[in-house]
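Input: a single structure, listed below in C-alpha cells.
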Amino acid sequence: MKQKTILKEVKLEGPGLHYGKKTSLTIKPAKPNTGYIFIRTDLESNPQIPALAEYVTDTSRGTTIGKNGYSISTVEHLLAATYSLGIDNVIFEIDGPEVPILDGSSKYFIEALYKAGIVEQEAVLKIYDIRENILFSDEERDIEINIFPDKTFKLNVLVDYKSDILSNQYAVLDNLKDFTQEVASCRTFVFLSELEPLLRLNLIKGGDLDNAIVIVDKESTQEEFDRLAKLFNKPSVAVQTSGVLNNTKLQFTNEPARHKLLDIIGDLALTGYRFNANVVARRPGHFGNTQIAKIIREHINALKKDAENANIPVYNPDIKPLMDINRIKEFLPHRAPFLFVDKILTLTDIEVIGIKNVSNDEFYFVGHFPDEPVMPGVLQVEAMAQTGGILVLNTVPDPENYLTFFLKIDNVKFRKKVVPGDVLVMKLSLLEPIRRGIAHMKGEAYVGKDIVSEAEMYAQIVKSKE
C-alpha cells in the first residue's frame, strides 16, 4: 500500500465552537511522511503544531493540541474525516485558534476532502499490528478503553450516562471505508443541564442549535425552552418524545454513540500511525481517547525500535567470515592503503555485510586529525562503496574481469564519529534489480548498534581491459 495526500487544496470557513470567531481552514497536499501538521497563519511566526498525542494540551470540551504556547482546538472532527479516508499527509492552515465547528460532525470535512481529490504517493504506507492487549481505565471518570490485537482496524463503542433519556447505546464500525455513510454525519451532543454553565463560562459562542443535538436531561417549562431558543436565535423549541429538542431530527437512533465513535477515530489519528486492532471503548471521551492514543503511540514506537534493532547487522568475531582479505582481493582491484574492507560476513543476491577494522595506524589519521583522529566521512562512503562492489560483482561469473564505477551518490548522512578501535559494520542492499549493468543500492554503516553513516549509491559494472 502507498501513502496518500490530496490532489489540490480546499478551503472551509465557519465559527469555532467556543470562541465563536470565524476562521478559515485551508487543507493542502503534503509530502510523504509529513503526517498531519497544523499551521497558525494568523500569527506572525506561523507556528506549526504536529497532530500527535504528545502535543495534546486540553480535553475538557474537545481535543486541543499545542506547542510552544500556541494551540488549535476542536481538531477531532477534522482528523476523523482525514484519517477515515486513508489520507496520510496534509497541511492544515488555519487563521484562528479553533477548527470551524460547521454542523458539529465530520460531514463537511469529508465533502471537502473528496472535492480536493485523494492521490497515492510513491512512499510505502506502513500499517502496524498491535501485538498485545492494551488497557486504559479511569475509575473516577468511569472510562475503560481496551485495545485487542486484530487483523483489521475496528471499533466498538458503548455509552451509558445513567440517564432515562440517554441510557445504553452501542455503535460498531468494522471498516473505516464505512465511516462516510455510517458515522461522518453524526453530530456532537450536549445535555440541556450543561448549556447554562457553558454559557456562563463564556464558552460555546459559536454554538447554536444546528450544530449540536440537545438532550433534555432535566424537567423544564416551555418558558425556559423559549428563553433558550432566544439565546440561540431560534423562534421556538420543544421536547420530542425521544427527549431531544425538536429543532433537529436524529439521523440514527444511536446517533450519540456514533458520534462518540467519530470522536475516538479523530483522537486515535493522534497516534501518527495506521494500525490493526479492535478498539472497545466504554464511556469514551477526549481525555480517555487521547490517553490511549499516547499509549498506542508508545507501543508502536517500541515496535519500530525493535524492528530497527533486528535489522542492525551484528559482528561476531567468533564466527568465521564468508570472505577473508585474500578472497576480497579476488573481487576488488583496490590495494593498501586504499582497500577498506577486511571481511565479508554474509552475501546474498540482494545484500552484503562487510567490516572494516579502524586501527590507529590508518594513514589518514596522521593529518585527520593529529590530536583527535576521526575517519573521514568520504572514506566511510568509500568503504561502503567497496563493500557494495562485492555485492554487484557477485552477479557476474568472472568478477576478476570486471570493475564497478560509481555514477552517483545521494542522500549521504553522517551521524556519529568513527575513531580508532571502532569496527565499522557495513550493510549494502539493492533497492531495485540490476538492469543494464546499473545497480542502485542503499548503504548503512554501523558501530555497534549506532548507525554512523548512510548513503544511496548508483554503480555501473564495466568489463576491465585485458
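A note on labels: chains of the C-alpha cells are A, B, ... as shown, every chain counts residues from 1, and ligands are counted from 1 in their shown order.
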Listing only residues of segment 361-461 of chain A within 12 Å of segment 333-336 of chain A, what is the closest atom pair and its distance in Å (to one decimal) for each, using only C-alpha atoms, sorted by chain and residue number ascending, as a tab-separated table?
```
residue	atom	partner	partner_atom	distance
A:Glu362	CA	A:Ala336	CA	10.2
A:Phe363	CA	A:Ala336	CA	9.9
A:Glu382	CA	A:His334	CA	11.0
A:Ala383	CA	A:His334	CA	10.9
A:Ala385	CA	A:His334	CA	11.6
A:Gln386	CA	A:His334	CA	8.5
A:Thr387	CA	A:His334	CA	11.4
A:Gly389	CA	A:Pro333	CA	10.3
A:Ile390	CA	A:Pro333	CA	10.8
A:Leu393	CA	A:Pro333	CA	11.5
A:Pro399	CA	A:Pro333	CA	10.3
A:Glu400	CA	A:Pro333	CA	8.1
A:Asn401	CA	A:Pro333	CA	9.8
A:Tyr402	CA	A:Pro333	CA	9.2
A:Leu403	CA	A:Pro333	CA	7.7
A:Thr404	CA	A:Pro333	CA	9.7
A:Phe405	CA	A:Pro333	CA	11.7
```
| field | Who sits within 12 Å of segment 127-144 of chain A, only C-alpha atoms, same chain under 5 positions skipped, as an MDAnalysis selection string | value | chainID A and resid 1:3 86 88 149:153 156:162 271:304 307
If DSSP is run on the backbone, what residues of segment 101-133 of chain A are strand (DSSP E or B)? A reply as a list in words would be ideal.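 Going through segment 101-133 of chain A, the strand (DSSP E or B) residues come out as Ile118, Val119, Glu120, Gln121, Glu122, Ala123, Val124, Ile127, Tyr128 and Asp129 of chain A.
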Could you save the residues just selected, with C-alpha atoms, as an mmCIF file, in the first residue's frame?
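Wrote result_29.cif, looks like this:
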```cif
data_model
loop_
_atom_site.group_PDB
_atom_site.id
_atom_site.type_symbol
_atom_site.label_atom_id
_atom_site.label_comp_id
_atom_site.auth_asym_id
_atom_site.auth_seq_id
_atom_site.Cartn_x
_atom_site.Cartn_y
_atom_site.Cartn_z
ATOM 1 C CA ILE A 118 -7.209 11.810 -2.999
ATOM 2 C CA VAL A 119 -3.998 10.621 -4.672
ATOM 3 C CA GLU A 120 -1.402 7.952 -3.958
ATOM 4 C CA GLN A 121 2.213 8.895 -3.323
ATOM 5 C CA GLU A 122 5.391 6.966 -4.034
ATOM 6 C CA ALA A 123 6.155 6.273 -0.373
ATOM 7 C CA VAL A 124 5.082 2.944 1.122
ATOM 8 C CA ILE A 127 0.409 -0.446 8.936
ATOM 9 C CA TYR A 128 1.379 -1.777 12.352
ATOM 10 C CA ASP A 129 -0.138 -4.762 14.118
#
```
Secondary structure check, alpha helix (DSSP H) residues of segment 257-431 of chain A, as a ChimeraX atom specification = /A:257-268,286-310,325-331,377-393
Would you export the selected residues with C-alpha atoms as a PDB file, in the first residue's frame, please?
```pdb
ATOM      1  CA  ALA A 257     -22.940   6.668  20.322  1.00  0.00           C
ATOM      2  CA  ARG A 258     -21.929   7.008  16.667  1.00  0.00           C
ATOM      3  CA  HIS A 259     -20.628  10.497  17.351  1.00  0.00           C
ATOM      4  CA  LYS A 260     -18.534   9.127  20.217  1.00  0.00           C
ATOM      5  CA  LEU A 261     -17.152   6.628  17.715  1.00  0.00           C
ATOM      6  CA  LEU A 262     -16.361   9.558  15.388  1.00  0.00           C
ATOM      7  CA  ASP A 263     -14.532  11.334  18.217  1.00  0.00           C
ATOM      8  CA  ILE A 264     -12.405   8.339  19.093  1.00  0.00           C
ATOM      9  CA  ILE A 265     -11.295   7.918  15.463  1.00  0.00           C
ATOM     10  CA  GLY A 266     -10.237  11.573  15.371  1.00  0.00           C
ATOM     11  CA  ASP A 267      -8.356  11.233  18.641  1.00  0.00           C
ATOM     12  CA  LEU A 268      -6.690   7.960  17.594  1.00  0.00           C
ATOM     13  CA  HIS A 286     -11.482  13.025  24.712  1.00  0.00           C
ATOM     14  CA  PHE A 287      -9.429  12.526  27.877  1.00  0.00           C
ATOM     15  CA  GLY A 288      -9.515   8.736  27.684  1.00  0.00           C
ATOM     16  CA  ASN A 289      -9.202   8.732  23.888  1.00  0.00           C
ATOM     17  CA  THR A 290      -6.035  10.809  23.899  1.00  0.00           C
ATOM     18  CA  GLN A 291      -4.558   8.837  26.792  1.00  0.00           C
ATOM     19  CA  ILE A 292      -4.979   5.551  24.911  1.00  0.00           C
ATOM     20  CA  ALA A 293      -3.603   7.268  21.776  1.00  0.00           C
ATOM     21  CA  LYS A 294      -0.430   8.099  23.718  1.00  0.00           C
ATOM     22  CA  ILE A 295      -0.112   4.503  24.929  1.00  0.00           C
ATOM     23  CA  ILE A 296      -0.633   3.101  21.410  1.00  0.00           C
ATOM     24  CA  ARG A 297       1.906   5.557  20.010  1.00  0.00           C
ATOM     25  CA  GLU A 298       4.471   4.429  22.599  1.00  0.00           C
ATOM     26  CA  HIS A 299       3.696   0.777  21.783  1.00  0.00           C
ATOM     27  CA  ILE A 300       4.195   1.298  18.040  1.00  0.00           C
ATOM     28  CA  ASN A 301       7.359   3.330  18.595  1.00  0.00           C
ATOM     29  CA  ALA A 302       8.699   0.383  20.598  1.00  0.00           C
ATOM     30  CA  LEU A 303       7.754  -1.980  17.750  1.00  0.00           C
ATOM     31  CA  LYS A 304       9.603   0.280  15.308  1.00  0.00           C
ATOM     32  CA  LYS A 305      12.660   0.314  17.549  1.00  0.00           C
ATOM     33  CA  ASP A 306      12.615  -3.485  17.811  1.00  0.00           C
ATOM     34  CA  ALA A 307      12.337  -3.754  14.023  1.00  0.00           C
ATOM     35  CA  GLU A 308      15.220  -1.339  13.543  1.00  0.00           C
ATOM     36  CA  ASN A 309      17.370  -3.270  16.021  1.00  0.00           C
ATOM     37  CA  ALA A 310      16.518  -6.520  14.237  1.00  0.00           C
ATOM     38  CA  ILE A 325      41.007 -10.304   2.876  1.00  0.00           C
ATOM     39  CA  ASN A 326      42.628 -12.617   0.307  1.00  0.00           C
ATOM     40  CA  ARG A 327      39.270 -13.641  -1.132  1.00  0.00           C
ATOM     41  CA  ILE A 328      38.171  -9.996  -1.187  1.00  0.00           C
ATOM     42  CA  LYS A 329      41.231  -9.134  -3.288  1.00  0.00           C
ATOM     43  CA  GLU A 330      39.984 -11.571  -5.917  1.00  0.00           C
ATOM     44  CA  PHE A 331      36.864  -9.399  -6.287  1.00  0.00           C
ATOM     45  CA  GLY A 377      33.234  10.703   6.068  1.00  0.00           C
ATOM     46  CA  VAL A 378      34.291  10.383   2.436  1.00  0.00           C
ATOM     47  CA  LEU A 379      36.289   7.275   3.328  1.00  0.00           C
ATOM     48  CA  GLN A 380      33.325   5.784   5.148  1.00  0.00           C
ATOM     49  CA  VAL A 381      31.388   6.207   1.914  1.00  0.00           C
ATOM     50  CA  GLU A 382      34.283   4.640   0.006  1.00  0.00           C
ATOM     51  CA  ALA A 383      34.291   1.656   2.393  1.00  0.00           C
ATOM     52  CA  MET A 384      30.557   1.179   1.795  1.00  0.00           C
ATOM     53  CA  ALA A 385      31.102   1.556  -1.949  1.00  0.00           C
ATOM     54  CA  GLN A 386      33.780  -1.154  -1.955  1.00  0.00           C
ATOM     55  CA  THR A 387      31.520  -3.460   0.049  1.00  0.00           C
ATOM     56  CA  GLY A 388      28.725  -2.757  -2.427  1.00  0.00           C
ATOM     57  CA  GLY A 389      31.154  -3.505  -5.237  1.00  0.00           C
ATOM     58  CA  ILE A 390      31.432  -7.071  -3.984  1.00  0.00           C
ATOM     59  CA  LEU A 391      27.617  -7.357  -3.992  1.00  0.00           C
ATOM     60  CA  VAL A 392      27.493  -6.110  -7.581  1.00  0.00           C
ATOM     61  CA  LEU A 393      30.435  -8.164  -8.865  1.00  0.00           C
TER      62      LEU A 393
END
```
| task | Just the residues within 6 Å of Val452 of chain A, please, counting only C-alpha atoms, with nothing from its chain fewer than 4 positions along; format it as a PyMOL selection string. | result | chain A and resi 414-416+445-446
Restricting to only C-alpha atoms, whichever of A:Ile87, A:Leu12, A:Leu173, A:Lys249 is closest to Ala112 of chain A is A:Leu12
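By only C-alpha atoms, and with residues fewer than 3 positions from segment 343-346 of chain A along its chain excluded, the set lying at most 9 Å from it is A:Tyr315, A:Ile319, A:Lys320, A:Pro321, A:Leu322, A:Met323, A:Asp324, A:Ile325, A:Arg327, A:Ile328, A:Glu351, A:Val352, A:Ile353, A:Gly354, A:Ile355, A:Lys356, A:Thr387, A:Ile390.
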Let me see the file: selected residues, N, CA and C atoms, as a tab-separated table (two decimals), in the first residue's frame.
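Below is the file that was written, out-v1.tsv:
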```
chain	number	residue	atom	x	y	z
A	315	TYR	N	28.28	-8.05	14.32
A	315	TYR	CA	29.56	-8.72	14.02
A	315	TYR	C	29.96	-9.58	15.20
A	319	ILE	N	32.61	-16.12	14.70
A	319	ILE	CA	32.06	-16.80	13.53
A	319	ILE	C	32.96	-16.55	12.33
A	320	LYS	N	33.31	-17.61	11.65
A	320	LYS	CA	34.20	-17.50	10.50
A	320	LYS	C	33.53	-16.69	9.40
A	321	PRO	N	34.22	-15.69	8.83
A	321	PRO	CA	33.61	-14.86	7.78
A	321	PRO	C	33.45	-15.64	6.48
A	322	LEU	N	32.58	-15.15	5.64
A	322	LEU	CA	32.38	-15.75	4.33
A	322	LEU	C	33.59	-15.51	3.44
A	323	MET	N	34.19	-14.32	3.54
A	323	MET	CA	35.38	-13.96	2.76
A	323	MET	C	36.40	-13.30	3.67
A	324	ASP	N	37.66	-13.72	3.56
A	324	ASP	CA	38.73	-13.01	4.25
A	324	ASP	C	39.35	-12.02	3.28
A	325	ILE	N	40.42	-11.36	3.70
A	325	ILE	CA	41.01	-10.30	2.88
A	325	ILE	C	41.55	-10.84	1.56
A	327	ARG	N	40.39	-13.39	-0.22
A	327	ARG	CA	39.27	-13.64	-1.13
A	327	ARG	C	38.69	-12.31	-1.65
A	328	ILE	N	38.66	-11.31	-0.79
A	328	ILE	CA	38.17	-10.00	-1.19
A	328	ILE	C	39.02	-9.42	-2.31
A	351	GLU	N	21.96	-8.48	-0.83
A	351	GLU	CA	22.53	-7.81	0.33
A	351	GLU	C	23.91	-8.37	0.66
A	352	VAL	N	24.79	-7.50	1.15
A	352	VAL	CA	26.11	-7.90	1.60
A	352	VAL	C	26.42	-7.17	2.90
A	353	ILE	N	27.11	-7.85	3.80
A	353	ILE	CA	27.56	-7.24	5.05
A	353	ILE	C	29.06	-7.46	5.17
A	354	GLY	N	29.78	-6.36	5.31
A	354	GLY	CA	31.23	-6.44	5.45
A	354	GLY	C	31.70	-5.60	6.62
A	355	ILE	N	32.98	-5.76	6.99
A	355	ILE	CA	33.51	-4.96	8.10
A	355	ILE	C	34.83	-4.31	7.72
A	356	LYS	N	35.10	-3.21	8.40
A	356	LYS	CA	36.38	-2.52	8.31
A	356	LYS	C	36.85	-2.26	9.73
A	387	THR	N	32.34	-2.33	-0.39
A	387	THR	CA	31.52	-3.46	0.05
A	387	THR	C	30.39	-3.72	-0.95
A	390	ILE	N	31.42	-5.61	-4.08
A	390	ILE	CA	31.43	-7.07	-3.98
A	390	ILE	C	30.03	-7.63	-4.25
```
